[in-house]
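The file entry00.cif comes next; it holds mmCIF, C-alpha atoms, pLDDT in the B column; chains and numbers go by the auth columns.
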```
data_query
loop_
_atom_site.group_PDB
_atom_site.id
_atom_site.type_symbol
_atom_site.label_atom_id
_atom_site.label_comp_id
_atom_site.label_asym_id
_atom_site.label_seq_id
_atom_site.Cartn_x
_atom_site.Cartn_y
_atom_site.Cartn_z
_atom_site.B_iso_or_equiv
_atom_site.auth_seq_id
_atom_site.auth_asym_id
ATOM 1 C CA CYS A 1 -8.075 27.021 -4.207 77.00 111 A
ATOM 2 C CA ASN A 2 -5.976 28.276 -1.310 81.00 112 A
ATOM 3 C CA TRP A 3 -6.689 25.509 1.211 89.00 113 A
ATOM 4 C CA TYR A 4 -3.945 23.927 3.290 92.00 114 A
ATOM 5 C CA GLY A 5 -2.681 20.665 1.813 93.00 115 A
ATOM 6 C CA ILE A 6 -4.802 21.021 -1.318 93.00 116 A
ATOM 7 C CA LYS A 7 -3.720 21.502 -4.912 93.00 117 A
ATOM 8 C CA CYS A 8 -6.082 22.309 -7.729 92.00 118 A
ATOM 9 C CA GLN A 9 -6.038 22.366 -11.490 88.00 119 A
ATOM 10 C CA THR A 10 -8.149 24.424 -13.845 82.00 120 A
ATOM 11 C CA ASP A 11 -10.723 22.301 -15.640 72.00 121 A
ATOM 12 C CA ILE A 12 -10.251 23.371 -19.264 66.00 122 A
ATOM 13 C CA ASN A 13 -13.238 21.273 -20.293 67.00 123 A
ATOM 14 C CA ASN A 14 -15.545 23.339 -18.119 62.00 124 A
ATOM 15 C CA ASP A 15 -17.042 26.489 -19.625 58.00 125 A
ATOM 16 C CA ASN A 16 -16.501 28.327 -16.333 61.00 126 A
ATOM 17 C CA ASN A 17 -12.840 27.232 -16.054 60.00 127 A
ATOM 18 C CA ASN A 18 -13.511 26.033 -12.525 76.00 128 A
ATOM 19 C CA ASN A 19 -10.721 24.609 -10.411 85.00 129 A
ATOM 20 C CA ARG A 20 -10.861 20.953 -9.470 88.00 130 A
ATOM 21 C CA ILE A 21 -9.018 19.283 -6.599 93.00 131 A
ATOM 22 C CA ILE A 22 -6.314 16.896 -7.799 94.00 132 A
ATOM 23 C CA TRP A 23 -4.067 16.623 -4.712 95.00 133 A
ATOM 24 C CA ILE A 24 -4.736 16.144 -0.990 94.00 134 A
ATOM 25 C CA ASP A 25 -1.734 16.028 1.364 95.00 135 A
ATOM 26 C CA LEU A 26 -2.636 15.864 5.068 94.00 136 A
ATOM 27 C CA ALA A 27 0.422 13.946 6.240 95.00 137 A
ATOM 28 C CA ASN A 28 1.392 14.233 9.910 94.00 138 A
ATOM 29 C CA ASN A 29 -1.465 16.575 10.774 92.00 139 A
ATOM 30 C CA GLY A 30 -2.806 14.990 13.935 91.00 140 A
ATOM 31 C CA LEU A 31 -5.879 13.590 12.182 90.00 141 A
ATOM 32 C CA LYS A 32 -8.022 11.527 14.517 87.00 142 A
ATOM 33 C CA SER A 33 -10.941 9.180 13.983 81.00 143 A
ATOM 34 C CA ASP A 34 -14.110 9.561 15.993 71.00 144 A
ATOM 35 C CA ASN A 35 -13.498 6.161 17.552 57.00 145 A
ATOM 36 C CA VAL A 36 -10.002 5.046 18.554 54.00 146 A
ATOM 37 C CA VAL A 37 -10.016 1.250 18.217 54.00 147 A
ATOM 38 C CA ASP A 38 -8.105 -1.166 20.450 53.00 148 A
ATOM 39 C CA VAL A 39 -6.060 -2.971 17.779 53.00 149 A
ATOM 40 C CA ASP A 40 -5.504 -5.923 20.114 56.00 150 A
ATOM 41 C CA ASN A 41 -9.258 -6.577 20.194 52.00 151 A
ATOM 42 C CA ILE A 42 -10.520 -5.700 16.741 49.00 152 A
ATOM 43 C CA ASP A 43 -12.151 -8.988 15.719 50.00 153 A
ATOM 44 C CA ASN A 44 -15.507 -8.008 17.193 44.00 154 A
ATOM 45 C CA VAL A 45 -15.285 -4.305 16.501 46.00 155 A
ATOM 46 C CA LYS A 46 -17.135 -2.629 13.653 50.00 156 A
ATOM 47 C CA THR A 47 -15.094 0.223 12.269 60.00 157 A
ATOM 48 C CA SER A 48 -15.889 2.956 9.802 76.00 158 A
ATOM 49 C CA SER A 49 -13.839 4.219 6.871 80.00 159 A
ATOM 50 C CA CYS A 50 -10.562 5.954 7.608 82.00 160 A
ATOM 51 C CA ILE A 51 -11.321 8.299 4.694 85.00 161 A
ATOM 52 C CA VAL A 52 -14.350 10.582 4.848 83.00 162 A
ATOM 53 C CA ASN A 53 -16.965 9.551 2.312 82.00 163 A
ATOM 54 C CA GLU A 54 -17.105 13.037 0.798 85.00 164 A
ATOM 55 C CA ILE A 55 -13.745 12.397 -0.881 89.00 165 A
ATOM 56 C CA TRP A 56 -15.607 9.981 -3.166 88.00 166 A
ATOM 57 C CA LEU A 57 -17.071 13.077 -4.868 87.00 167 A
ATOM 58 C CA LEU A 58 -13.583 13.726 -6.270 88.00 168 A
ATOM 59 C CA ASN A 59 -13.426 10.314 -7.906 85.00 169 A
ATOM 60 C CA ASN A 60 -13.024 11.578 -11.472 87.00 170 A
ATOM 61 C CA HIS A 61 -10.001 13.787 -10.937 91.00 171 A
ATOM 62 C CA LEU A 62 -8.193 13.223 -7.611 95.00 172 A
ATOM 63 C CA GLU A 63 -4.661 12.057 -8.440 96.00 173 A
ATOM 64 C CA VAL A 64 -2.877 12.140 -5.068 97.00 174 A
ATOM 65 C CA LEU A 65 -4.229 11.211 -1.628 96.00 175 A
ATOM 66 C CA TRP A 66 -1.701 11.366 1.192 96.00 176 A
ATOM 67 C CA MET A 67 -2.792 11.003 4.814 94.00 177 A
ATOM 68 C CA PRO A 68 0.163 9.149 6.423 95.00 178 A
ATOM 69 C CA SER A 69 1.777 9.580 9.828 95.00 179 A
ATOM 70 C CA ASN A 70 -1.537 10.155 11.595 94.00 180 A
ATOM 71 C CA PRO A 71 -1.430 7.310 14.153 92.00 181 A
ATOM 72 C CA LEU A 72 -4.871 8.101 15.601 90.00 182 A
ATOM 73 C CA LEU A 73 -6.535 7.899 12.203 90.00 183 A
ATOM 74 C CA GLY A 74 -8.209 4.511 12.467 88.00 184 A
ATOM 75 C CA GLY A 75 -10.777 2.685 10.376 90.00 185 A
ATOM 76 C CA THR A 76 -10.797 0.636 7.202 92.00 186 A
ATOM 77 C CA LEU A 77 -10.151 1.321 3.554 93.00 187 A
ATOM 78 C CA PRO A 78 -13.591 2.029 2.049 92.00 188 A
ATOM 79 C CA SER A 79 -14.991 -0.240 -0.636 91.00 189 A
ATOM 80 C CA TRP A 80 -15.492 2.798 -2.873 93.00 190 A
ATOM 81 C CA ILE A 81 -11.719 3.379 -3.087 94.00 191 A
ATOM 82 C CA GLY A 82 -11.878 1.523 -6.408 94.00 192 A
ATOM 83 C CA ASP A 83 -14.013 4.343 -7.820 94.00 193 A
ATOM 84 C CA MET A 84 -11.094 6.810 -7.537 94.00 194 A
ATOM 85 C CA THR A 85 -10.037 5.937 -11.049 94.00 195 A
ATOM 86 C CA SER A 86 -7.646 8.884 -11.539 95.00 196 A
ATOM 87 C CA LEU A 87 -5.634 8.129 -8.395 96.00 197 A
ATOM 88 C CA GLN A 88 -1.899 7.857 -9.035 97.00 198 A
ATOM 89 C CA SER A 89 -0.516 7.880 -5.490 98.00 199 A
ATOM 90 C CA LEU A 90 -2.125 6.590 -2.289 97.00 200 A
ATOM 91 C CA SER A 91 -0.233 6.908 1.006 97.00 201 A
ATOM 92 C CA LEU A 92 -1.815 5.853 4.305 96.00 202 A
ATOM 93 C CA PHE A 93 1.244 4.503 6.090 96.00 203 A
ATOM 94 C CA ASP A 94 1.767 4.756 9.850 96.00 204 A
ATOM 95 C CA THR A 95 -1.895 5.318 10.650 94.00 205 A
ATOM 96 C CA GLY A 96 -4.388 3.128 12.506 91.00 206 A
ATOM 97 C CA LEU A 97 -5.621 1.440 9.341 92.00 207 A
ATOM 98 C CA LEU A 98 -7.511 -1.807 10.025 91.00 208 A
ATOM 99 C CA GLY A 99 -9.310 -4.552 8.116 93.00 209 A
ATOM 100 C CA THR A 100 -8.287 -5.927 4.751 95.00 210 A
ATOM 101 C CA ILE A 101 -7.300 -4.549 1.368 96.00 211 A
ATOM 102 C CA PRO A 102 -10.575 -4.130 -0.571 95.00 212 A
ATOM 103 C CA VAL A 103 -10.606 -5.802 -3.975 95.00 213 A
ATOM 104 C CA GLY A 104 -11.702 -2.523 -5.556 95.00 214 A
ATOM 105 C CA LEU A 105 -8.279 -1.064 -4.852 96.00 215 A
ATOM 106 C CA TYR A 106 -6.843 -3.309 -7.556 97.00 216 A
ATOM 107 C CA ASP A 107 -8.998 -1.448 -10.100 96.00 217 A
ATOM 108 C CA LEU A 108 -6.857 1.686 -9.684 96.00 218 A
ATOM 109 C CA THR A 109 -4.838 1.010 -12.798 95.00 219 A
ATOM 110 C CA HIS A 110 -3.262 4.490 -12.834 96.00 220 A
ATOM 111 C CA LEU A 111 -1.587 3.911 -9.460 97.00 221 A
ATOM 112 C CA ASN A 112 2.128 4.577 -9.504 97.00 222 A
ATOM 113 C CA ALA A 113 2.719 4.356 -5.740 98.00 223 A
ATOM 114 C CA LEU A 114 0.836 2.470 -3.006 98.00 224 A
ATOM 115 C CA ARG A 115 2.168 2.885 0.529 98.00 225 A
ATOM 116 C CA LEU A 116 0.149 1.153 3.260 97.00 226 A
ATOM 117 C CA TYR A 117 2.962 0.070 5.578 97.00 227 A
ATOM 118 C CA GLY A 118 3.027 0.350 9.356 96.00 228 A
ATOM 119 C CA ASN A 119 -0.660 -0.420 9.905 96.00 229 A
ATOM 120 C CA HIS A 120 -2.840 -3.316 11.094 94.00 230 A
ATOM 121 C CA LEU A 121 -4.027 -4.675 7.752 96.00 231 A
ATOM 122 C CA GLY A 122 -4.851 -8.380 7.705 96.00 232 A
ATOM 123 C CA GLY A 123 -6.137 -10.868 5.164 96.00 233 A
ATOM 124 C CA THR A 124 -4.340 -11.744 1.971 96.00 234 A
ATOM 125 C CA ILE A 125 -2.976 -9.946 -1.067 97.00 235 A
ATOM 126 C CA ALA A 126 -5.435 -10.879 -3.814 97.00 236 A
ATOM 127 C CA THR A 127 -4.244 -12.256 -7.132 96.00 237 A
ATOM 128 C CA ASP A 128 -6.050 -9.287 -8.698 96.00 238 A
ATOM 129 C CA ILE A 129 -2.978 -7.247 -7.827 97.00 239 A
ATOM 130 C CA GLN A 130 -1.804 -8.134 -11.340 97.00 240 A
ATOM 131 C CA LYS A 131 -4.326 -5.552 -12.602 97.00 241 A
ATOM 132 C CA LEU A 132 -1.925 -2.830 -11.407 97.00 242 A
ATOM 133 C CA ASN A 133 0.761 -3.885 -13.862 94.00 243 A
ATOM 134 C CA LYS A 134 0.524 -0.841 -16.142 92.00 244 A
ATOM 135 C CA ASN A 135 1.962 1.813 -13.844 95.00 245 A
ATOM 136 C CA LEU A 136 2.752 0.606 -10.318 98.00 246 A
ATOM 137 C CA SER A 137 6.350 1.404 -9.373 98.00 247 A
ATOM 138 C CA TRP A 138 6.265 1.429 -5.558 98.00 248 A
ATOM 139 C CA LEU A 139 4.440 -1.113 -3.395 98.00 249 A
ATOM 140 C CA TRP A 140 5.167 -0.818 0.322 98.00 250 A
ATOM 141 C CA LEU A 141 3.154 -3.189 2.510 97.00 251 A
ATOM 142 C CA HIS A 142 5.554 -4.051 5.339 96.00 252 A
ATOM 143 C CA GLY A 143 4.699 -3.878 9.011 96.00 253 A
ATOM 144 C CA ASN A 144 1.136 -5.209 8.765 96.00 254 A
ATOM 145 C CA LYS A 145 -0.581 -8.524 9.560 95.00 255 A
ATOM 146 C CA LEU A 146 -1.016 -9.812 6.028 96.00 256 A
ATOM 147 C CA GLU A 147 -1.425 -13.594 5.733 95.00 257 A
ATOM 148 C CA GLY A 148 -1.419 -16.379 3.181 94.00 258 A
ATOM 149 C CA SER A 149 1.188 -16.807 0.489 92.00 259 A
ATOM 150 C CA ILE A 150 2.902 -13.975 -1.333 93.00 260 A
ATOM 151 C CA PRO A 151 1.096 -14.119 -4.694 95.00 261 A
ATOM 152 C CA HIS A 152 3.296 -14.814 -7.687 95.00 262 A
ATOM 153 C CA GLN A 153 1.101 -12.363 -9.644 97.00 263 A
ATOM 154 C CA ILE A 154 3.188 -9.553 -8.127 97.00 264 A
ATOM 155 C CA GLY A 155 5.738 -10.745 -10.636 96.00 265 A
ATOM 156 C CA THR A 156 3.590 -9.296 -13.427 97.00 266 A
ATOM 157 C CA LEU A 157 4.183 -5.764 -12.108 97.00 267 A
ATOM 158 C CA THR A 158 7.089 -5.193 -14.457 97.00 268 A
ATOM 159 C CA LYS A 159 7.475 -1.490 -13.632 97.00 269 A
ATOM 160 C CA LEU A 160 8.073 -2.109 -9.922 97.00 270 A
ATOM 161 C CA GLU A 161 11.127 -0.331 -8.542 98.00 271 A
ATOM 162 C CA GLY A 162 10.487 -0.915 -4.845 97.00 272 A
ATOM 163 C CA LEU A 163 8.655 -3.721 -2.982 97.00 273 A
ATOM 164 C CA THR A 164 8.558 -4.205 0.801 97.00 274 A
ATOM 165 C CA LEU A 165 6.793 -7.220 2.331 95.00 275 A
ATOM 166 C CA HIS A 166 8.666 -7.825 5.590 93.00 276 A
ATOM 167 C CA GLN A 167 7.169 -7.941 9.091 92.00 277 A
ATOM 168 C CA ASN A 168 3.919 -9.580 8.038 93.00 278 A
ATOM 169 C CA GLN A 169 2.494 -13.042 8.711 92.00 279 A
ATOM 170 C CA PHE A 170 2.921 -14.702 5.345 91.00 280 A
ATOM 171 C CA GLU A 171 3.166 -18.482 4.994 85.00 281 A
ATOM 172 C CA ASN A 172 6.174 -20.590 3.944 73.00 282 A
ATOM 173 C CA LYS A 173 8.856 -18.429 5.531 65.00 283 A
ATOM 174 C CA GLN A 174 10.949 -21.567 6.126 60.00 284 A
ATOM 175 C CA THR A 175 10.921 -22.577 2.462 59.00 285 A
ATOM 176 C CA SER A 176 12.919 -21.634 -0.601 56.00 286 A
ATOM 177 C CA PHE A 177 9.743 -20.579 -2.456 61.00 287 A
ATOM 178 C CA TYR A 178 8.691 -18.010 0.147 79.00 288 A
ATOM 179 C CA VAL A 179 9.414 -15.263 -2.398 87.00 289 A
ATOM 180 C CA PRO A 180 8.044 -16.579 -5.729 90.00 290 A
ATOM 181 C CA HIS A 181 10.486 -16.858 -8.590 91.00 291 A
ATOM 182 C CA ALA A 182 8.301 -14.527 -10.662 94.00 292 A
ATOM 183 C CA ILE A 183 9.005 -11.735 -8.177 94.00 293 A
ATOM 184 C CA CYS A 184 12.722 -12.476 -8.104 93.00 294 A
ATOM 185 C CA SER A 185 12.717 -12.179 -11.896 95.00 295 A
ATOM 186 C CA LEU A 186 11.732 -8.530 -11.545 96.00 296 A
ATOM 187 C CA ARG A 187 15.256 -7.870 -10.256 95.00 297 A
ATOM 188 C CA GLU A 188 16.377 -8.279 -13.860 95.00 298 A
ATOM 189 C CA LEU A 189 14.068 -5.421 -14.870 95.00 299 A
ATOM 190 C CA ASN A 190 13.406 -2.340 -12.727 94.00 300 A
ATOM 191 C CA LEU A 191 13.146 -3.747 -9.185 96.00 301 A
ATOM 192 C CA ASN A 192 16.026 -2.203 -7.241 96.00 302 A
ATOM 193 C CA LEU A 193 14.573 -2.562 -3.731 96.00 303 A
ATOM 194 C CA LEU A 194 13.115 -5.843 -2.440 95.00 304 A
ATOM 195 C CA TRP A 195 12.759 -6.220 1.323 94.00 305 A
ATOM 196 C CA THR A 196 11.274 -9.367 2.878 90.00 306 A
ATOM 197 C CA ASP A 197 11.538 -11.561 5.942 87.00 307 A
ATOM 198 C CA CYS A 198 14.236 -14.192 5.521 78.00 308 A
ATOM 199 C CA THR A 199 14.302 -17.144 7.894 66.00 309 A
ATOM 200 C CA SER A 200 17.552 -18.583 9.239 62.00 310 A
ATOM 201 C CA THR A 201 17.048 -22.301 9.871 59.00 311 A
ATOM 202 C CA THR A 202 20.216 -22.629 11.934 62.00 312 A
ATOM 203 C CA GLY A 203 19.177 -19.950 14.387 58.00 313 A
ATOM 204 C CA THR A 204 22.120 -17.781 13.393 58.00 314 A
ATOM 205 C CA ASN A 205 22.182 -14.554 11.473 56.00 315 A
ATOM 206 C CA ASP A 206 24.522 -15.989 8.861 60.00 316 A
ATOM 207 C CA PRO A 207 23.613 -14.306 5.543 57.00 317 A
ATOM 208 C CA ASP A 208 24.637 -17.506 3.723 60.00 318 A
ATOM 209 C CA ASP A 209 21.763 -19.354 5.411 61.00 319 A
ATOM 210 C CA LEU A 210 18.913 -17.178 4.187 61.00 320 A
ATOM 211 C CA HIS A 211 16.140 -18.310 1.846 61.00 321 A
ATOM 212 C CA CYS A 212 15.911 -15.245 -0.367 72.00 322 A
ATOM 213 C CA ASP A 213 18.754 -14.891 -2.820 73.00 323 A
ATOM 214 C CA CYS A 214 17.135 -12.033 -4.734 87.00 324 A
ATOM 215 C CA CYS A 215 16.228 -9.726 -1.831 88.00 325 A
ATOM 216 C CA THR A 216 18.172 -6.508 -1.438 90.00 326 A
ATOM 217 C CA ARG A 217 17.548 -6.555 2.323 88.00 327 A
ATOM 218 C CA CYS A 218 16.522 -9.389 4.621 83.00 328 A
ATOM 219 C CA PHE A 219 14.730 -9.043 7.923 83.00 329 A
ATOM 220 C CA ILE A 220 15.882 -12.185 9.694 70.00 330 A
ATOM 221 C CA GLU A 221 13.501 -14.325 11.732 60.00 331 A
ATOM 222 C CA ASN A 222 15.147 -17.125 13.686 48.00 332 A
ATOM 223 C CA THR A 223 13.108 -20.309 14.045 45.00 333 A
ATOM 224 C CA ASN A 224 14.979 -21.608 17.118 41.00 334 A
#
```

Would you encode the structure as C-alpha cells?
Amino acid sequence: CNWYGIKCQTDINNDNNNNRIIWIDLANNGLKSDNVVDVDNIDNVKTSSCIVNEIWLLNNHLEVLWMPSNPLLGGTLPSWIGDMTSLQSLSLFDTGLLGTIPVGLYDLTHLNALRLYGNHLGGTIATDIQKLNKNLSWLWLHGNKLEGSIPHQIGTLTKLEGLTLHQNQFENKQTSFYVPHAICSLRELNLNLLWTDCTSTTGTNDPDDLHCDCCTRCFIENTN
C-alpha cells in the first residue's frame, strides 16, 4: 500500500491479512472534473458526482476522505455518501462542489469533522443533522449558498467544538432568533468557535448593535 495520499491498515479479520484502504488525502492536487460547470448558470445543468463511484467500494472501512483545495473539482455529493458508514472525516472545502447536501450524509454517525465550506452548495440544512450528535466536533459550512432557517437541531450536537455558518443565504438575519438559542447553549459545553453573519440594523459596524450575543466572531452585513 505505497500509493500517494493513501493509508492502509492490515485487516486482522482476513485470513490473508490483506491491507485495506482507510485514508485518502488528495488535497490541493489539481484534481479536475471532466466537465467544468459555470456556477452562475447551474440551474439547468446536470452534473455528475464530484467523487468517483469506485470509492463506494471502500464503504465498510474508509475513515478519512480529504479532497479539498481542488477548485476545478466540480459536481455534486453522491447519494451513496451515506453508505460510507465508517467515515470519520470528510473534507471537500474550496472545490467546485454544487447541488445540495444529500440526506444520506446525515447517516454518517461516526463523523467527527465535516468541512464543506467555500463551495456552491444550496438548499437547506435538514433537521436530520441531529443524527450526527454522537461524534461530530467540527462543522464548517460557511461560504456556500445555503438557504432557509438555521435548524435548531444543530443544538443537539453536544460535542461540537467549531461551527461556521457565515456567508450563506439563511433567513432571519435581521432578527434576534437568527442563531437559535439551542445552538447558543452549546457555548456552555464544548463549542469554542461559532462564526455567523450578524446584521447591523443601524448600518454601522458597532459591535453593540449585533444580533448574535453568543458568536465568537461576527461577519457583519449592513442592511442600509

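Residues matching the PyMOL selection byres ((chain A and resi 302) around 6) in this structure come to A:Glu271, A:Leu301, A:Leu303.
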
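Atom pair CA of Asn169 (chain A) / CA of Gly253 (chain A) has a distance of 28.6 Å (rounded to one decimal).
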
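Look at region 230-244 of chain A: the protein and nucleic acid residues within 7 Å of it, using only C-alpha atoms and passing over chain neighbours fewer than 2 places away, are Gly206, Leu207, Leu208, Gly209, Thr210, Tyr216, Asp217, Leu218, Thr219, Leu246, Asn254, Lys255, Leu256, Glu257, Gly258, Pro261, Gln263, Ile264, Thr266, Leu267 and Thr268 of chain A.
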
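Put simply, CA of Val289 (chain A) is 19.8 Å away from CA of Arg225 (chain A).
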
The PyMOL selection byres ((chain A and resi 183-185) around 9) resolved against shown file, as a PyMOL selection string
chain A and resi 140-147+156-161+177-182+186-188+205-209

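Closest approach to Asn300 (chain A) from the set A:His171, A:Lys269, A:Arg130, A:His276 is made by A:Lys269, with distances taken over only C-alpha atoms.
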
Residue members of the PyMOL selection byres ((chain A and resi 172) around 9) in the file shown, as an NGL selection string:
:A and (130-134 or 165 or 168-171 or 173-175 or 194-198)

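For the pair CA of His220 (chain A) and CA of Cys324 (chain A), the interatomic distance is 27.5 Å.
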
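Comparing A:Leu270, A:Cys294, A:Thr326, A:Leu275 by their smallest distance to Asp307 (chain A), the closest is A:Leu275 (using all atoms listed in the file).
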
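Minimum atom-to-atom distance to Ile211 (chain A), evaluated using only C-alpha atoms, belongs to A:Leu224 out of A:Leu296, A:Tyr288, A:Leu224, A:Asn139.
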
With N, CA, C and O atoms as the goal, would you fill in the gaps in region 239-258 of chain A and present it as a PDB file, keeping the file's coordinate frame?
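The file below, part_7.pdb, is the result:
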```pdb
ATOM      1  N   ILE A 239      -4.012  -8.278  -7.853  1.00 97.00           N
ATOM      2  CA  ILE A 239      -2.978  -7.247  -7.827  1.00 97.00           C
ATOM      3  C   ILE A 239      -2.294  -7.133  -9.193  1.00 97.00           C
ATOM      4  O   ILE A 239      -1.717  -6.094  -9.524  1.00 97.00           O
ATOM      5  N   GLN A 240      -2.403  -8.173 -10.004  1.00 97.00           N
ATOM      6  CA  GLN A 240      -1.804  -8.134 -11.340  1.00 97.00           C
ATOM      7  C   GLN A 240      -2.450  -7.061 -12.220  1.00 97.00           C
ATOM      8  O   GLN A 240      -1.867  -6.631 -13.221  1.00 97.00           O
ATOM      9  N   LYS A 241      -3.639  -6.583 -11.831  1.00 97.00           N
ATOM     10  CA  LYS A 241      -4.326  -5.552 -12.602  1.00 97.00           C
ATOM     11  C   LYS A 241      -3.621  -4.196 -12.505  1.00 97.00           C
ATOM     12  O   LYS A 241      -3.935  -3.262 -13.254  1.00 97.00           O
ATOM     13  N   LEU A 242      -2.658  -4.079 -11.576  1.00 97.00           N
ATOM     14  CA  LEU A 242      -1.925  -2.830 -11.407  1.00 97.00           C
ATOM     15  C   LEU A 242      -0.640  -2.803 -12.232  1.00 97.00           C
ATOM     16  O   LEU A 242       0.225  -1.961 -12.001  1.00 97.00           O
ATOM     17  N   ASN A 243      -0.520  -3.696 -13.180  1.00 94.00           N
ATOM     18  CA  ASN A 243       0.761  -3.885 -13.862  1.00 94.00           C
ATOM     19  C   ASN A 243       1.124  -2.777 -14.849  1.00 94.00           C
ATOM     20  O   ASN A 243       2.249  -2.721 -15.330  1.00 94.00           O
ATOM     21  N   LYS A 244       0.220  -1.866 -15.143  1.00 92.00           N
ATOM     22  CA  LYS A 244       0.524  -0.841 -16.142  1.00 92.00           C
ATOM     23  C   LYS A 244       1.440   0.255 -15.606  1.00 92.00           C
ATOM     24  O   LYS A 244       2.278   0.777 -16.346  1.00 92.00           O
ATOM     25  N   ASN A 245       1.264   0.628 -14.343  1.00 95.00           N
ATOM     26  CA  ASN A 245       1.962   1.813 -13.844  1.00 95.00           C
ATOM     27  C   ASN A 245       2.641   1.655 -12.485  1.00 95.00           C
ATOM     28  O   ASN A 245       3.489   2.483 -12.142  1.00 95.00           O
ATOM     29  N   LEU A 246       2.292   0.649 -11.708  1.00 98.00           N
ATOM     30  CA  LEU A 246       2.752   0.606 -10.318  1.00 98.00           C
ATOM     31  C   LEU A 246       4.267   0.454 -10.224  1.00 98.00           C
ATOM     32  O   LEU A 246       4.847  -0.498 -10.743  1.00 98.00           O
ATOM     33  N   SER A 247       4.899   1.420  -9.550  1.00 98.00           N
ATOM     34  CA  SER A 247       6.350   1.404  -9.373  1.00 98.00           C
ATOM     35  C   SER A 247       6.768   1.161  -7.930  1.00 98.00           C
ATOM     36  O   SER A 247       7.857   0.641  -7.684  1.00 98.00           O
ATOM     37  N   TRP A 248       5.920   1.547  -6.975  1.00 98.00           N
ATOM     38  CA  TRP A 248       6.265   1.429  -5.558  1.00 98.00           C
ATOM     39  C   TRP A 248       5.124   0.767  -4.812  1.00 98.00           C
ATOM     40  O   TRP A 248       3.999   1.271  -4.810  1.00 98.00           O
ATOM     41  N   LEU A 249       5.422  -0.368  -4.169  1.00 98.00           N
ATOM     42  CA  LEU A 249       4.440  -1.113  -3.395  1.00 98.00           C
ATOM     43  C   LEU A 249       5.044  -1.417  -2.034  1.00 98.00           C
ATOM     44  O   LEU A 249       5.891  -2.298  -1.907  1.00 98.00           O
ATOM     45  N   TRP A 250       4.619  -0.679  -1.022  1.00 98.00           N
ATOM     46  CA  TRP A 250       5.167  -0.818   0.322  1.00 98.00           C
ATOM     47  C   TRP A 250       4.063  -1.297   1.262  1.00 98.00           C
ATOM     48  O   TRP A 250       3.145  -0.544   1.583  1.00 98.00           O
ATOM     49  N   LEU A 251       4.181  -2.562   1.683  1.00 97.00           N
ATOM     50  CA  LEU A 251       3.154  -3.189   2.510  1.00 97.00           C
ATOM     51  C   LEU A 251       3.704  -3.745   3.815  1.00 97.00           C
ATOM     52  O   LEU A 251       3.004  -4.460   4.532  1.00 97.00           O
ATOM     53  N   HIS A 252       4.935  -3.442   4.156  1.00 96.00           N
ATOM     54  CA  HIS A 252       5.554  -4.051   5.339  1.00 96.00           C
ATOM     55  C   HIS A 252       4.918  -3.538   6.636  1.00 96.00           C
ATOM     56  O   HIS A 252       4.222  -2.522   6.665  1.00 96.00           O
ATOM     57  N   GLY A 253       5.161  -4.294   7.700  1.00 96.00           N
ATOM     58  CA  GLY A 253       4.699  -3.878   9.011  1.00 96.00           C
ATOM     59  C   GLY A 253       3.201  -3.952   9.182  1.00 96.00           C
ATOM     60  O   GLY A 253       2.592  -3.113   9.846  1.00 96.00           O
ATOM     61  N   ASN A 254       2.567  -4.980   8.593  1.00 96.00           N
ATOM     62  CA  ASN A 254       1.136  -5.209   8.765  1.00 96.00           C
ATOM     63  C   ASN A 254       0.915  -6.625   9.319  1.00 96.00           C
ATOM     64  O   ASN A 254       1.826  -7.211   9.905  1.00 96.00           O
ATOM     65  N   LYS A 255      -0.264  -7.167   9.108  1.00 95.00           N
ATOM     66  CA  LYS A 255      -0.581  -8.524   9.560  1.00 95.00           C
ATOM     67  C   LYS A 255      -1.113  -9.353   8.394  1.00 95.00           C
ATOM     68  O   LYS A 255      -1.979 -10.218   8.568  1.00 95.00           O
ATOM     69  N   LEU A 256      -0.568  -9.113   7.223  1.00 96.00           N
ATOM     70  CA  LEU A 256      -1.016  -9.812   6.028  1.00 96.00           C
ATOM     71  C   LEU A 256      -0.664 -11.296   6.112  1.00 96.00           C
ATOM     72  O   LEU A 256       0.406 -11.658   6.614  1.00 96.00           O
ATOM     73  N   GLU A 257      -1.555 -12.136   5.594  1.00 95.00           N
ATOM     74  CA  GLU A 257      -1.425 -13.594   5.733  1.00 95.00           C
ATOM     75  C   GLU A 257      -1.413 -14.267   4.362  1.00 95.00           C
ATOM     76  O   GLU A 257      -1.423 -13.613   3.330  1.00 95.00           O
ATOM     77  N   GLY A 258      -1.410 -15.608   4.415  1.00 94.00           N
ATOM     78  CA  GLY A 258      -1.419 -16.379   3.181  1.00 94.00           C
ATOM     79  C   GLY A 258      -0.069 -16.364   2.495  1.00 94.00           C
ATOM     80  O   GLY A 258       0.945 -15.980   3.077  1.00 94.00           O
TER      81      GLY A 258
END
```
